[in-house]
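Taking it in order: structure first as structure tokens, then the write-up.
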Amino acid sequence: VAYNPLTEGDDNSTADSPCEIHFHKINGGNVEIVKKIQIADKSILSSKLYFNSGVNSFITVSDTNGMSVITLDGQIAFKDNNLKVNEYSVEKNCLLMADKKTISVYELTE
């Protein structure tokens, strides 16, 4: 889950506080946070967030913010604001971009 400490009202958070990705363990009716990863890029809050086990990283896509690959320790391994991604398929590991005249498909590789 993408998380903004300031928006959520965390104590001592500021506008400069990094966003986070939270891992939750759900057991019946209990929800427990098991890991938090700090991310400097605030665009994750308005992007679709996926996990790709093949590259062991998070993929964020947006038609306005572009695309990012974020490692499990919160480092941005790749970011391109110009890639206006419409969809990402975890199963096929492909990015889909479409405009008025063309459809482009890109495969994410290491």
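Letters for chains follow the order of the structure tokens (A, B, ...), residue numbers begin at 1 for each chain, and ligand numbers begin at 1 in the order shown.
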Tell me, which residues of chain A carry DSSP strand (DSSP E), written as number ranges by chain?
-> A: 2-3, 19-27, 30-39, 48-52, 57-62, 66-71, 76-80, 87-89, 94-98, 103-107
Check which residues of segment 21-69 of chain A sit at most 7 Å from segment 80-99 of chain A using only C-alpha atoms, and return one row each with the closest pair of atoms and their distance in Å to one decimal, ordered by chain and rising number, as CSV.
residue,atom,partner,partner_atom,distance
A:Asn52,CA,A:Val90,CA,6.3
A:Val61,CA,A:Val85,CA,5.8
A:Ser62,CA,A:Val85,CA,5.5
A:Asp63,CA,A:Lys84,CA,4.3
A:Thr64,CA,A:Lys84,CA,6.1
A:Asn65,CA,A:Asn81,CA,5.4
A:Gly66,CA,A:Asn81,CA,4.1
A:Met67,CA,A:Asp80,CA,5.5
A:Ser68,CA,A:Asp80,CA,6.6
Name the residues in contact with segment 13-19 of chain A at a cut-off of 9 Å, using only C-alpha atoms, excluding same-chain residues fewer than 2 positions from it; report them as a list in words.
-> Ala2, Tyr3, Asn4, Pro5, Leu6, Thr7, Gly9, Asp10, Asp11, Ile21, Ile37, Gln38, Ile39, Ala40, Asp41, Lys42, Ile44 and Leu45 of chain A
Write out as a PyMOL selection string all residues of chain A that DSSP puts in helix (DSSP H, G or I) for this structure's backbone.
-> chain A and resi 42-46
Given the selection you just returned, output its residues as a file containing N, CA, C and O atoms, formatted as a CSV table (one decimal), in the first residue's frame.
chain,number,residue,atom,x,y,z
A,42,LYS,N,7.2,11.1,-4.5
A,42,LYS,CA,5.8,11.3,-4.1
A,42,LYS,C,4.8,10.9,-5.2
A,42,LYS,O,3.6,10.8,-4.9
A,43,SER,N,5.3,10.7,-6.4
A,43,SER,CA,4.4,10.3,-7.5
A,43,SER,C,3.8,8.9,-7.3
A,43,SER,O,2.8,8.6,-8.0
A,44,ILE,N,4.3,8.1,-6.4
A,44,ILE,CA,3.8,6.8,-6.2
A,44,ILE,C,2.3,6.9,-5.7
A,44,ILE,O,1.6,6.0,-5.8
A,45,LEU,N,2.0,8.0,-5.0
A,45,LEU,CA,0.7,8.2,-4.4
A,45,LEU,C,-0.4,8.3,-5.5
A,45,LEU,O,-1.6,7.9,-5.3
A,46,SER,N,-0.1,8.8,-6.7
A,46,SER,CA,-1.0,9.0,-7.7
A,46,SER,C,-0.8,8.0,-8.9
A,46,SER,O,-1.3,8.2,-10.0
Polymer residues at most 9 Å from Val1 of chain A, only C-alpha atoms, same-chain spacing of 2 or more positions, as a list in words = Tyr3, Glu20, Ile21, His22, Phe23, His24 and Leu49 of chain A
I need the residues from that last selection saved to file as an mmCIF file, in the first residue's frame (with all heavy atoms), if you can.
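That gives us selection-v3.cif:
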data_model
loop_
_atom_site.group_PDB
_atom_site.id
_atom_site.type_symbol
_atom_site.label_atom_id
_atom_site.label_comp_id
_atom_site.auth_asym_id
_atom_site.auth_seq_id
_atom_site.Cartn_x
_atom_site.Cartn_y
_atom_site.Cartn_z
ATOM 1 N N TYR A 3 1.649 5.009 0.897
ATOM 2 C CA TYR A 3 1.248 5.701 2.119
ATOM 3 C C TYR A 3 1.981 7.032 2.225
ATOM 4 O O TYR A 3 3.189 7.099 1.976
ATOM 5 C CB TYR A 3 1.610 4.793 3.307
ATOM 6 C CG TYR A 3 1.250 5.312 4.660
ATOM 7 C CD1 TYR A 3 -0.015 5.118 5.195
ATOM 8 C CD2 TYR A 3 2.198 5.975 5.429
ATOM 9 C CE1 TYR A 3 -0.331 5.574 6.457
ATOM 10 C CE2 TYR A 3 1.885 6.435 6.700
ATOM 11 C CZ TYR A 3 0.621 6.227 7.213
ATOM 12 O OH TYR A 3 0.301 6.674 8.470
ATOM 13 N N GLU A 20 5.784 6.132 1.748
ATOM 14 C CA GLU A 20 6.160 4.779 2.135
ATOM 15 C C GLU A 20 5.328 3.760 1.374
ATOM 16 O O GLU A 20 4.231 4.059 0.915
ATOM 17 C CB GLU A 20 5.936 4.574 3.639
ATOM 18 C CG GLU A 20 6.756 5.503 4.499
ATOM 19 C CD GLU A 20 6.407 5.403 5.982
ATOM 20 O OE1 GLU A 20 5.333 4.855 6.331
ATOM 21 O OE2 GLU A 20 7.207 5.890 6.801
ATOM 22 N N ILE A 21 5.886 2.575 1.259
ATOM 23 C CA ILE A 21 5.127 1.415 0.816
ATOM 24 C C ILE A 21 5.023 0.513 2.031
ATOM 25 O O ILE A 21 6.038 0.197 2.670
ATOM 26 C CB ILE A 21 5.814 0.686 -0.355
ATOM 27 C CG1 ILE A 21 5.868 1.590 -1.584
ATOM 28 C CG2 ILE A 21 5.080 -0.615 -0.676
ATOM 29 C CD1 ILE A 21 6.635 1.018 -2.753
ATOM 30 N N HIS A 22 3.805 0.149 2.389
ATOM 31 C CA HIS A 22 3.572 -0.709 3.555
ATOM 32 C C HIS A 22 3.199 -2.114 3.120
ATOM 33 O O HIS A 22 2.380 -2.303 2.220
ATOM 34 C CB HIS A 22 2.426 -0.153 4.400
ATOM 35 C CG HIS A 22 2.765 1.107 5.125
ATOM 36 N ND1 HIS A 22 1.904 1.701 6.004
ATOM 37 C CD2 HIS A 22 3.873 1.883 5.130
ATOM 38 C CE1 HIS A 22 2.454 2.790 6.510
ATOM 39 N NE2 HIS A 22 3.646 2.927 5.985
ATOM 40 N N PHE A 23 3.806 -3.092 3.785
ATOM 41 C CA PHE A 23 3.424 -4.489 3.625
ATOM 42 C C PHE A 23 2.565 -4.854 4.821
ATOM 43 O O PHE A 23 2.954 -4.608 5.961
ATOM 44 C CB PHE A 23 4.652 -5.404 3.624
ATOM 45 C CG PHE A 23 5.481 -5.308 2.392
ATOM 46 C CD1 PHE A 23 6.463 -4.339 2.271
ATOM 47 C CD2 PHE A 23 5.292 -6.207 1.357
ATOM 48 C CE1 PHE A 23 7.247 -4.268 1.132
ATOM 49 C CE2 PHE A 23 6.068 -6.140 0.217
ATOM 50 C CZ PHE A 23 7.047 -5.170 0.099
ATOM 51 N N HIS A 24 1.405 -5.426 4.572
ATOM 52 C CA HIS A 24 0.496 -5.830 5.640
ATOM 53 C C HIS A 24 0.337 -7.340 5.657
ATOM 54 O O HIS A 24 0.311 -7.986 4.612
ATOM 55 C CB HIS A 24 -0.893 -5.207 5.437
ATOM 56 C CG HIS A 24 -0.910 -3.723 5.589
ATOM 57 N ND1 HIS A 24 -0.623 -2.874 4.543
ATOM 58 C CD2 HIS A 24 -1.168 -2.934 6.647
ATOM 59 C CE1 HIS A 24 -0.723 -1.625 4.954
ATOM 60 N NE2 HIS A 24 -1.050 -1.635 6.237
ATOM 61 N N LEU A 49 0.391 0.847 -8.500
ATOM 62 C CA LEU A 49 1.537 0.188 -7.890
ATOM 63 C C LEU A 49 1.416 -1.318 -8.062
ATOM 64 O O LEU A 49 0.383 -1.905 -7.729
ATOM 65 C CB LEU A 49 1.600 0.552 -6.406
ATOM 66 C CG LEU A 49 2.698 -0.055 -5.563
ATOM 67 C CD1 LEU A 49 4.065 0.473 -5.987
ATOM 68 C CD2 LEU A 49 2.457 0.273 -4.082
#
